[in-house]
Amino acid sequence: MSGGDQTGSEGNAPRETAPGGAADEIVQEVAEEARDIIPERFEGEYPIVVDGLVNRFGDNVIHQDLSLKVRRGEILGVVGGSGTGKSVLMRSIIGLQTPAEGRIEVLGREITGDDHAQDVDIRSLWGVLFQGGALFSTLTVGENVEVPLREFYPEIDDELRHEIARYKVRLSGLPEDATSKFPSELSGGMKKRAGLARALALDPELVFLDEPTAGLDPVGAAEFDRSTRELTDVLGLTVFLITHDLDTLHEICDRVAVIADKRVIAVGTIEELMAMDHPWIQEYFNGPRGRAAKASHERSRATGSRSIAMDSRGNTGD
Amino acid sequence: MREWADFSVEAGESGGTRLVIHGNLLVSSIGALDRKLREWNGPVESIDLSASGEIDTAGAWVVWRFARATDARILGAGPQAQHLIATVQSSESSAEIRPPLPPIATRVPLAVGELVVGWGKGTVSVLGFLGELLIAIWRLLVTGICFVLRIRLKHPARLRAASLTRQLELVGVSALGIIGLMSFLIGIVIAQQGAVQLRQFGAEIYTINLTGRLSLRELGVLMTAIMVAGRSGSAFAAQIGTMKLTEEVDAMRTIGVSPMEALILPRVLAVVLMMPLLGFYSSAVAIIGGAVIADLTLGIPFWTFLTRIQEVVPIHDVWVGLVKAPVFGLIVGIAGCYQGMQVQGNSEEVGLRTTWAVVQGIFMVIVLDAFFAVFFTKVGWG
């Protein structure tokens with residue numbers, strides 16, 4: 001409320017707006033409508049810290065003593081064979097799965113603790129894109145984007161909320177007319193983009209993407225990768241990205257974490273990982289698909305299409 | 001307490017108004033500023049962002065929108081702010097959030113027209129479904145006859161015995177408990193309420209006729225049909241509907257398995273076979289319920305009640321019930337399977353179609369029951 005007393009009423013220029021009382025009334029009104037959450041921006045170095053995580057379903061141990069740190073502003077790719085618990089790890093971090101043991105800290109707040117009062121605050125600081133998009137089927141794309149805004153910031157004017165939804169839809173790479181479409185009218189790739197728009201609705205600092213390019217054609221997948229990279233750079237996001245797509249890993253990930261043997265066995269750039277002699281990592285990155293992805297990545301870098309993206313990344317001031 | 005972004009008004013360089021923004025321009029702090037700026041009217045020369053804190057796209061949008069509306073210049077924007085303003089500017093859109101509703105004068109005829117056309121199409125597709133079902137039954141019969149006559153068929157139909165047994169269990173055996181309880185209670189209600197009314201004429205003894213004839217002719221079969229529609233008709237629609245959604249039905253077709261033969265025939269057959277048994281069971285339990293209450297409150301001994309039933313209930317009452325039961329079963333089964341096969345698109349449809357299966361099943365059963373009541377009286381089974 002610091003600005004409340006500095007409103008236009010004390011300005012020395014001729015006032016042509018509503019009387020000062022009205023301005024104070026607005027602040028009062030907004031403060032009453034607003035929910036009692038205080039989303040603080042995260043200033044630390046590691047938005048996600050997982051320490052000694054244990055997850056098990058019955059006798060089936062998924063994670064044993066898993067530890068992982070995600071750096072601020074990076075795109076961290078998470079890879080691992082099917083059934084190694086990549087999605088379970090993500091669900092643990094976003095609080096959908098209560099781990100058996102271990103500590104998880106997201107944006108400086110411990111989410112494995114007993115203090116659930118912070119849960120709401122923290123949910124306003126991240127966005128999640130589920131594998132199938134998980135759009136609400138009875139709402140249009142625009143309304144889907146509005147849901148988190150309405151939920152966390154009811155004080156925002158209807159008009160502004162509509163405007164935010166509109167530009168978020170376009171920002172995520174959808175055409176304008178997709179805003180008023182229902183999820184059932186969208187293709188798989190468009191659903192993912194709409195899901196991304198909803199994940200970005202609150203301008204979060206941290207975004208979780210669960211296999212964003214799975215099921216997309218190569219052209220659509222490459223476009224999605226490009227948007228992810230651009231948005232990450234422009235909005236200063238930290239991205240936790242689960243993927244099987246080797247091209248995605250090569251093109252946009254700053255670092256890659258490998259899950260195997262129920263733990264994160266390595267985190268690093270692809271070059272660093274390829275230098276390791278773990279059999280699974282070798283098989284993964286130096287297998288026929290891995291080599292093809294690497295070759296195409298090097299080709300595209302050589303032809304310069306990458307250099308534009310690199311430039312825009314260098315320009316962001318953060 | 002949350003801190004809201006705000007502005008103060010100062011004189012600009014060339015004498016115009018300059019708005020100086022304070023505070024963070026984030027989605028969490030923009031609420032008040034946005035409303036104030038929307039109420040602002042009057043010329044603004046420039047907007048000064050140099051005193052503002054952090055900014056995100058929502059903040060950038062609010063500033064840019066206002067600058068555009070008032071033709072003001074944006075001053076003192078840091079690199080991040082410039083970047084974000086450029087981003088939101090290039091993403092501006094005027095799209096509708098919801099598809100616009102047509103005016104009511106168009107909408108009402110549109111809805112009515114769609115409804116009528118829907119009825120027409122529905123009738124045609126129900127007929128098609130019935131035809132398919134009949135063909136499947138016919139093929140089954142032909143195969144059976146050929147098997148007996150030892151003629152080899154090129155494409156013999158198959159009766160899925162395992163599937164049929166499973167459905168017989170689900171429709172029949174697992175329903176015994178709930179149908180038994182329901183019928184027992186209905187028997188009690190008929191006998192007790194009947195006795196209260198008949199006592200006025202001193203004709204309490206006719207309670208036995210009432211309970212016996214009513215449950216065997218009408219209520220036993222009718223209530224069972226309603227229960228089966230709720231239990232099994234809905235399950236058919238939901239199961240087949242979900243299989244349609246997950247493309248299991250399509251997969252069957254491509255492998256050469258006819259969904260009609262593998263999914264629908266066992267289910268319809270199971271209800272048709274089970275309904276007479278369940279209906280008769282239901283009537284019997286209702287009579288026992290009536291006998292129990294008669295023993296307890298009316299002073300008619302249990303065994304006397306049952307012996308009297310034999311004397312006062314004509315045997316054609318049993319036939320009436322047994323003739324109606326398989327027909328009701330057929331209706332419930334077809335309603336469930338047909339609605340299940342109509343599912344397409346999304347999961348919402350499964351719920352909708354399941355509801356329809358139950359509603360249609362029960363409605364048709366009651367309509368037919370009225371028809372049967374008149375029919376049997378006319379043929380002398382009154």
# chains A, B, ... in the order shown; residues from 1 in each chain; ligands from 1
$ interface_residues --of "chain B" --to "chain A" --cutoff "8 Å" --atoms "only C-alpha atoms" --output "MDAnalysis selection string"
chainID B and resid 1:11 16:17 22:23 27:28 30:32 34:36 39:42 56:58 61:62 79:80 83:84 87:88 91:99 345:346
$ write_last_selection --atoms "N, CA and C atoms" --output "CSV table (one decimal), in the first residue's frame"
chain,number,residue,atom,x,y,z
B,1,MET,N,0.8,-7.6,4.2
B,1,MET,CA,0.1,-6.7,3.2
B,1,MET,C,0.8,-6.6,1.9
B,2,ARG,N,0.1,-6.7,0.8
B,2,ARG,CA,0.8,-6.6,-0.5
B,2,ARG,C,1.1,-5.2,-0.8
B,3,GLU,N,2.1,-5.0,-1.6
B,3,GLU,CA,2.4,-3.6,-2.0
B,3,GLU,C,1.9,-3.4,-3.4
B,4,TRP,N,1.2,-2.3,-3.6
B,4,TRP,CA,0.6,-2.1,-4.9
B,4,TRP,C,1.4,-1.1,-5.7
B,5,ALA,N,1.6,-1.3,-7.0
B,5,ALA,CA,2.2,-0.3,-7.8
B,5,ALA,C,1.3,1.0,-7.9
B,6,ASP,N,1.9,2.1,-8.0
B,6,ASP,CA,1.1,3.3,-8.0
B,6,ASP,C,1.8,4.4,-8.9
B,7,PHE,N,1.2,5.5,-9.0
B,7,PHE,CA,1.9,6.6,-9.8
B,7,PHE,C,1.7,7.9,-9.2
B,8,SER,N,2.6,8.8,-9.4
B,8,SER,CA,2.3,10.2,-9.0
B,8,SER,C,2.4,11.1,-10.3
B,9,VAL,N,1.8,12.3,-10.2
B,9,VAL,CA,1.7,13.1,-11.4
B,9,VAL,C,2.7,14.3,-11.2
B,10,GLU,N,3.6,14.5,-12.2
B,10,GLU,CA,4.5,15.6,-12.2
B,10,GLU,C,4.5,16.3,-13.5
B,11,ALA,N,5.1,17.5,-13.5
B,11,ALA,CA,5.1,18.2,-14.8
B,11,ALA,C,6.2,17.7,-15.7
B,16,GLY,N,3.7,19.3,-20.2
B,16,GLY,CA,2.6,18.4,-20.1
B,16,GLY,C,2.6,17.6,-18.9
B,17,THR,N,1.7,16.6,-18.8
B,17,THR,CA,1.7,15.7,-17.6
B,17,THR,C,2.6,14.6,-17.7
B,22,HIS,N,5.7,4.1,-9.4
B,22,HIS,CA,6.4,3.6,-8.3
B,22,HIS,C,6.1,2.1,-8.1
B,23,GLY,N,6.9,1.4,-7.5
B,23,GLY,CA,6.6,0.0,-7.1
B,23,GLY,C,6.9,-1.0,-8.2
B,27,VAL,N,2.4,-8.9,-11.9
B,27,VAL,CA,1.0,-9.3,-12.0
B,27,VAL,C,0.3,-9.3,-10.6
B,28,SER,N,1.2,-9.5,-9.6
B,28,SER,CA,0.6,-9.5,-8.2
B,28,SER,C,0.5,-8.1,-7.6
B,30,ILE,N,-0.2,-5.2,-9.7
B,30,ILE,CA,-0.7,-4.3,-10.8
B,30,ILE,C,-2.1,-3.9,-10.7
B,31,GLY,N,-2.9,-4.7,-9.8
B,31,GLY,CA,-4.3,-4.5,-9.8
B,31,GLY,C,-4.8,-3.1,-9.6
B,32,ALA,N,-4.3,-2.3,-8.7
B,32,ALA,CA,-4.8,-1.0,-8.4
B,32,ALA,C,-4.3,0.0,-9.5
B,34,ASP,N,-3.7,-0.5,-12.5
B,34,ASP,CA,-4.4,-0.7,-13.8
B,34,ASP,C,-5.8,0.0,-13.7
B,35,ARG,N,-6.5,-0.2,-12.6
B,35,ARG,CA,-7.8,0.4,-12.5
B,35,ARG,C,-7.7,1.9,-12.5
B,36,LYS,N,-6.7,2.5,-11.8
B,36,LYS,CA,-6.6,3.9,-11.8
B,36,LYS,C,-6.3,4.4,-13.2
B,39,GLU,N,-9.2,4.7,-15.3
B,39,GLU,CA,-10.2,5.8,-15.0
B,39,GLU,C,-9.6,7.1,-15.4
B,40,TRP,N,-8.3,7.2,-15.7
B,40,TRP,CA,-7.7,8.4,-16.1
B,40,TRP,C,-8.2,9.0,-17.4
B,41,ASN,N,-8.6,10.2,-17.4
B,41,ASN,CA,-8.8,10.9,-18.7
B,41,ASN,C,-8.1,12.2,-18.7
B,42,GLY,N,-7.6,12.5,-19.8
B,42,GLY,CA,-6.8,13.7,-20.0
B,42,GLY,C,-5.5,13.4,-20.7
B,56,ASP,N,7.0,-7.5,-15.1
B,56,ASP,CA,6.8,-8.7,-15.9
B,56,ASP,C,5.9,-8.4,-17.0
B,57,THR,N,5.4,-9.4,-17.8
B,57,THR,CA,4.6,-9.0,-19.0
B,57,THR,C,3.3,-8.3,-18.6
B,58,ALA,N,2.7,-8.7,-17.5
B,58,ALA,CA,1.4,-8.0,-17.1
B,58,ALA,C,1.7,-6.5,-16.9
B,61,TRP,N,2.4,-4.8,-20.1
B,61,TRP,CA,1.1,-4.6,-20.9
B,61,TRP,C,0.4,-3.4,-20.4
B,62,VAL,N,0.3,-3.3,-19.0
B,62,VAL,CA,-0.5,-2.2,-18.5
B,62,VAL,C,0.1,-0.9,-18.9
B,79,PRO,N,16.4,-2.2,-19.7
B,79,PRO,CA,16.4,-3.2,-20.8
B,79,PRO,C,15.4,-4.2,-20.7
B,80,GLN,N,15.1,-4.7,-19.5
B,80,GLN,CA,14.1,-5.8,-19.3
B,80,GLN,C,12.8,-5.2,-19.7
B,83,HIS,N,12.3,-4.8,-23.3
B,83,HIS,CA,12.2,-6.1,-24.0
B,83,HIS,C,10.8,-6.6,-23.8
B,84,LEU,N,10.3,-6.5,-22.6
B,84,LEU,CA,8.9,-7.1,-22.3
B,84,LEU,C,7.9,-6.2,-23.0
B,87,THR,N,7.8,-7.3,-26.4
B,87,THR,CA,7.2,-8.6,-26.5
B,87,THR,C,5.6,-8.6,-26.5
B,88,VAL,N,5.1,-7.8,-25.5
B,88,VAL,CA,3.6,-7.8,-25.4
B,88,VAL,C,3.0,-7.0,-26.6
B,91,SER,N,2.6,-9.2,-29.4
B,91,SER,CA,1.6,-10.3,-29.1
B,91,SER,C,0.2,-9.8,-29.0
B,92,GLU,N,0.0,-8.5,-29.2
B,92,GLU,CA,-1.4,-8.0,-29.0
B,92,GLU,C,-2.4,-8.7,-29.8
B,93,SER,N,-3.5,-8.9,-29.3
B,93,SER,CA,-4.6,-9.5,-30.1
B,93,SER,C,-6.0,-9.0,-29.7
B,94,SER,N,-6.9,-9.1,-30.6
B,94,SER,CA,-8.2,-8.6,-30.3
B,94,SER,C,-9.2,-9.7,-30.3
B,95,ALA,N,-8.7,-10.9,-30.1
B,95,ALA,CA,-9.6,-12.1,-30.2
B,95,ALA,C,-10.6,-12.1,-29.1
B,96,GLU,N,-11.8,-12.8,-29.4
B,96,GLU,CA,-12.8,-13.0,-28.4
B,96,GLU,C,-12.3,-14.1,-27.4
B,97,ILE,N,-12.7,-14.0,-26.2
B,97,ILE,CA,-12.3,-15.0,-25.2
B,97,ILE,C,-13.2,-16.2,-25.3
B,98,ARG,N,-14.5,-15.9,-25.6
B,98,ARG,CA,-15.5,-16.9,-25.8
B,98,ARG,C,-16.1,-16.7,-27.2
B,99,PRO,N,-16.4,-17.8,-27.9
B,99,PRO,CA,-17.1,-17.5,-29.2
B,99,PRO,C,-18.4,-16.7,-29.0
B,345,GLY,N,-15.4,-38.0,-29.2
B,345,GLY,CA,-14.9,-36.7,-28.8
B,345,GLY,C,-14.2,-36.8,-27.4
B,346,ASN,N,-14.9,-36.4,-26.4
B,346,ASN,CA,-14.2,-36.3,-25.1
B,346,ASN,C,-14.9,-37.0,-24.0
$ atom_distance --atom1 "CA of Ala67 (chain B)" --atom2 "CA of Ala86 (chain B)"
12.9 Å
$ atom_distance --atom1 "CA of Gly81 (chain A)" --atom2 "CA of Ser67 (chain A)"
17.8 Å
$ closest_atom_pairs --of "region 72-174 of chain A" --to "region 253-267 of chain A" --cutoff "9 Å" --atoms "only C-alpha atoms" --output "JSON lines"
{"residue": "A:Glu74", "atom": "CA", "partner": "A:Asp254", "partner_atom": "CA", "distance": 5.9}
{"residue": "A:Ile75", "atom": "CA", "partner": "A:Cys253", "partner_atom": "CA", "distance": 5.0}
{"residue": "A:Leu76", "atom": "CA", "partner": "A:Arg255", "partner_atom": "CA", "distance": 5.1}
{"residue": "A:Gly77", "atom": "CA", "partner": "A:Val256", "partner_atom": "CA", "distance": 4.5}
{"residue": "A:Val78", "atom": "CA", "partner": "A:Ala257", "partner_atom": "CA", "distance": 4.8}
{"residue": "A:Val79", "atom": "CA", "partner": "A:Val258", "partner_atom": "CA", "distance": 5.1}
{"residue": "A:Gly80", "atom": "CA", "partner": "A:Ile259", "partner_atom": "CA", "distance": 4.8}
{"residue": "A:Gly81", "atom": "CA", "partner": "A:Ala260", "partner_atom": "CA", "distance": 7.4}
{"residue": "A:Thr84", "atom": "CA", "partner": "A:Ala260", "partner_atom": "CA", "distance": 6.4}
{"residue": "A:Gly85", "atom": "CA", "partner": "A:Lys262", "partner_atom": "CA", "distance": 7.8}
{"residue": "A:Lys86", "atom": "CA", "partner": "A:Ile259", "partner_atom": "CA", "distance": 7.3}
$ write_last_selection --atoms "N, CA and C atoms" --output "PDB file, in the first residue's frame"
ATOM      1  N   GLU A  74      18.035 -21.402 -15.932  1.00  0.00           N
ATOM      2  CA  GLU A  74      18.465 -22.406 -16.906  1.00  0.00           C
ATOM      3  C   GLU A  74      17.278 -23.249 -17.369  1.00  0.00           C
ATOM      4  N   ILE A  75      17.484 -23.909 -18.510  1.00  0.00           N
ATOM      5  CA  ILE A  75      16.557 -24.953 -18.922  1.00  0.00           C
ATOM      6  C   ILE A  75      17.240 -26.268 -18.595  1.00  0.00           C
ATOM      7  N   LEU A  76      16.682 -26.977 -17.625  1.00  0.00           N
ATOM      8  CA  LEU A  76      17.266 -28.257 -17.254  1.00  0.00           C
ATOM      9  C   LEU A  76      16.442 -29.364 -17.889  1.00  0.00           C
ATOM     10  N   GLY A  77      17.095 -30.149 -18.734  1.00  0.00           N
ATOM     11  CA  GLY A  77      16.408 -31.296 -19.327  1.00  0.00           C
ATOM     12  C   GLY A  77      16.564 -32.492 -18.412  1.00  0.00           C
ATOM     13  N   VAL A  78      15.483 -33.228 -18.209  1.00  0.00           N
ATOM     14  CA  VAL A  78      15.550 -34.435 -17.396  1.00  0.00           C
ATOM     15  C   VAL A  78      15.287 -35.624 -18.304  1.00  0.00           C
ATOM     16  N   VAL A  79      16.237 -36.538 -18.366  1.00  0.00           N
ATOM     17  CA  VAL A  79      16.055 -37.713 -19.215  1.00  0.00           C
ATOM     18  C   VAL A  79      16.201 -38.971 -18.381  1.00  0.00           C
ATOM     19  N   GLY A  80      15.751 -40.053 -18.935  1.00  0.00           N
ATOM     20  CA  GLY A  80      15.833 -41.343 -18.261  1.00  0.00           C
ATOM     21  C   GLY A  80      14.957 -42.312 -19.016  1.00  0.00           C
ATOM     22  N   GLY A  81      15.228 -43.581 -18.859  1.00  0.00           N
ATOM     23  CA  GLY A  81      14.422 -44.574 -19.561  1.00  0.00           C
ATOM     24  C   GLY A  81      12.979 -44.515 -19.099  1.00  0.00           C
ATOM     25  N   THR A  84      11.561 -44.751 -15.192  1.00  0.00           N
ATOM     26  CA  THR A  84      12.582 -44.433 -14.197  1.00  0.00           C
ATOM     27  C   THR A  84      12.099 -43.358 -13.231  1.00  0.00           C
ATOM     28  N   GLY A  85      10.906 -42.875 -13.423  1.00  0.00           N
ATOM     29  CA  GLY A  85      10.342 -41.950 -12.443  1.00  0.00           C
ATOM     30  C   GLY A  85      10.591 -40.484 -12.727  1.00  0.00           C
ATOM     31  N   LYS A  86      10.648 -40.127 -14.001  1.00  0.00           N
ATOM     32  CA  LYS A  86      10.817 -38.704 -14.314  1.00  0.00           C
ATOM     33  C   LYS A  86       9.567 -37.923 -13.919  1.00  0.00           C
TER      34      LYS A  86
END
$ atom_distance --atom1 "CA of Ile288 (chain B)" --atom2 "CA of Phe302 (chain B)"
8.4 Å
$ residues_around --residues "region 238-240 of chain B" --least-positions-apart "6" --cutoff "7 Å" --atoms "only C-alpha atoms" --output "list in words"
Cys337, Gly340, Met341, Val350 and Thr354 of chain B
$ residues_around --residues "Val327 (chain B)" --least-positions-apart "6" --cutoff "9 Å" --atoms "only C-alpha atoms" --output "mmCIF file with N, CA and C atoms, in the first residue's frame"
data_model
loop_
_atom_site.group_PDB
_atom_site.id
_atom_site.type_symbol
_atom_site.label_atom_id
_atom_site.label_comp_id
_atom_site.auth_asym_id
_atom_site.auth_seq_id
_atom_site.Cartn_x
_atom_site.Cartn_y
_atom_site.Cartn_z
ATOM 1 N N VAL B 272 -31.084 -59.968 -21.473
ATOM 2 C CA VAL B 272 -32.314 -60.635 -21.905
ATOM 3 C C VAL B 272 -32.487 -61.958 -21.155
ATOM 4 N N MET B 275 -33.016 -61.081 -17.106
ATOM 5 C CA MET B 275 -34.184 -60.323 -16.646
ATOM 6 C C MET B 275 -35.340 -61.220 -16.176
ATOM 7 N N VAL B 365 -39.071 -48.525 -20.845
ATOM 8 C CA VAL B 365 -39.613 -49.656 -20.093
ATOM 9 C C VAL B 365 -41.000 -49.309 -19.558
ATOM 10 N N LEU B 368 -43.613 -49.119 -22.382
ATOM 11 C CA LEU B 368 -43.987 -50.461 -22.826
ATOM 12 C C LEU B 368 -44.821 -51.191 -21.781
#
$ select_by_dssp --residues "region 8-175 of chain A" --states "helix (DSSP H, G or I)" --output "ChimeraX atom specification"
/A:8-10,20-33,86-93,116-123,141-152,158-171
$ select_by_dssp --residues "region 256-309 of chain A" --states "strand (DSSP E or B)" --output "list in words"
Val256, Ala257, Val258, Ile259, Ala260, Arg263, Val264, Ile265, Ala266, Val267 and Gly268 of chain A
$ residues_around --residues "region 169-185 of chain B" --least-positions-apart "4" --cutoff "6 Å" --atoms "only C-alpha atoms" --output "PyMOL selection string"
chain B and resi 274+282+285-286+289
$ write_last_selection --atoms "C-alpha atoms" --output "tab-separated table (two decimals), in the first residue's frame"
chain	number	residue	atom	x	y	z
B	274	MET	CA	-31.14	-62.59	-16.78
B	282	SER	CA	-37.79	-60.17	-7.27
B	285	VAL	CA	-38.85	-61.99	-2.50
B	286	ALA	CA	-41.56	-59.30	-2.54
B	289	GLY	CA	-41.61	-59.54	2.39
$ residues_around --residues "Lys324 (chain B)" --least-positions-apart "2" --cutoff "10 Å" --atoms "only C-alpha atoms" --output "ChimeraX atom specification"
/B:217-218,221-222,225,275-276,279,319-322,326-329,365,368-369,372-373
$ closest_residue --among "A:Ile111, A:Gly44, A:Arg198, A:Phe240" --to "Phe136 (chain A)" --atoms "only C-alpha atoms"
A:Arg198
$ residues_around --residues "Met276 (chain A)" --least-positions-apart "4" --cutoff "12 Å" --atoms "only C-alpha atoms" --output "list in words"
Val258, Ile265, Ala266, Val267, Gly268, Thr269, Ile270, Glu271, Glu272, Trp280, Ile281, Gln282, Glu283, Tyr284, Phe285 and Asn286 of chain A
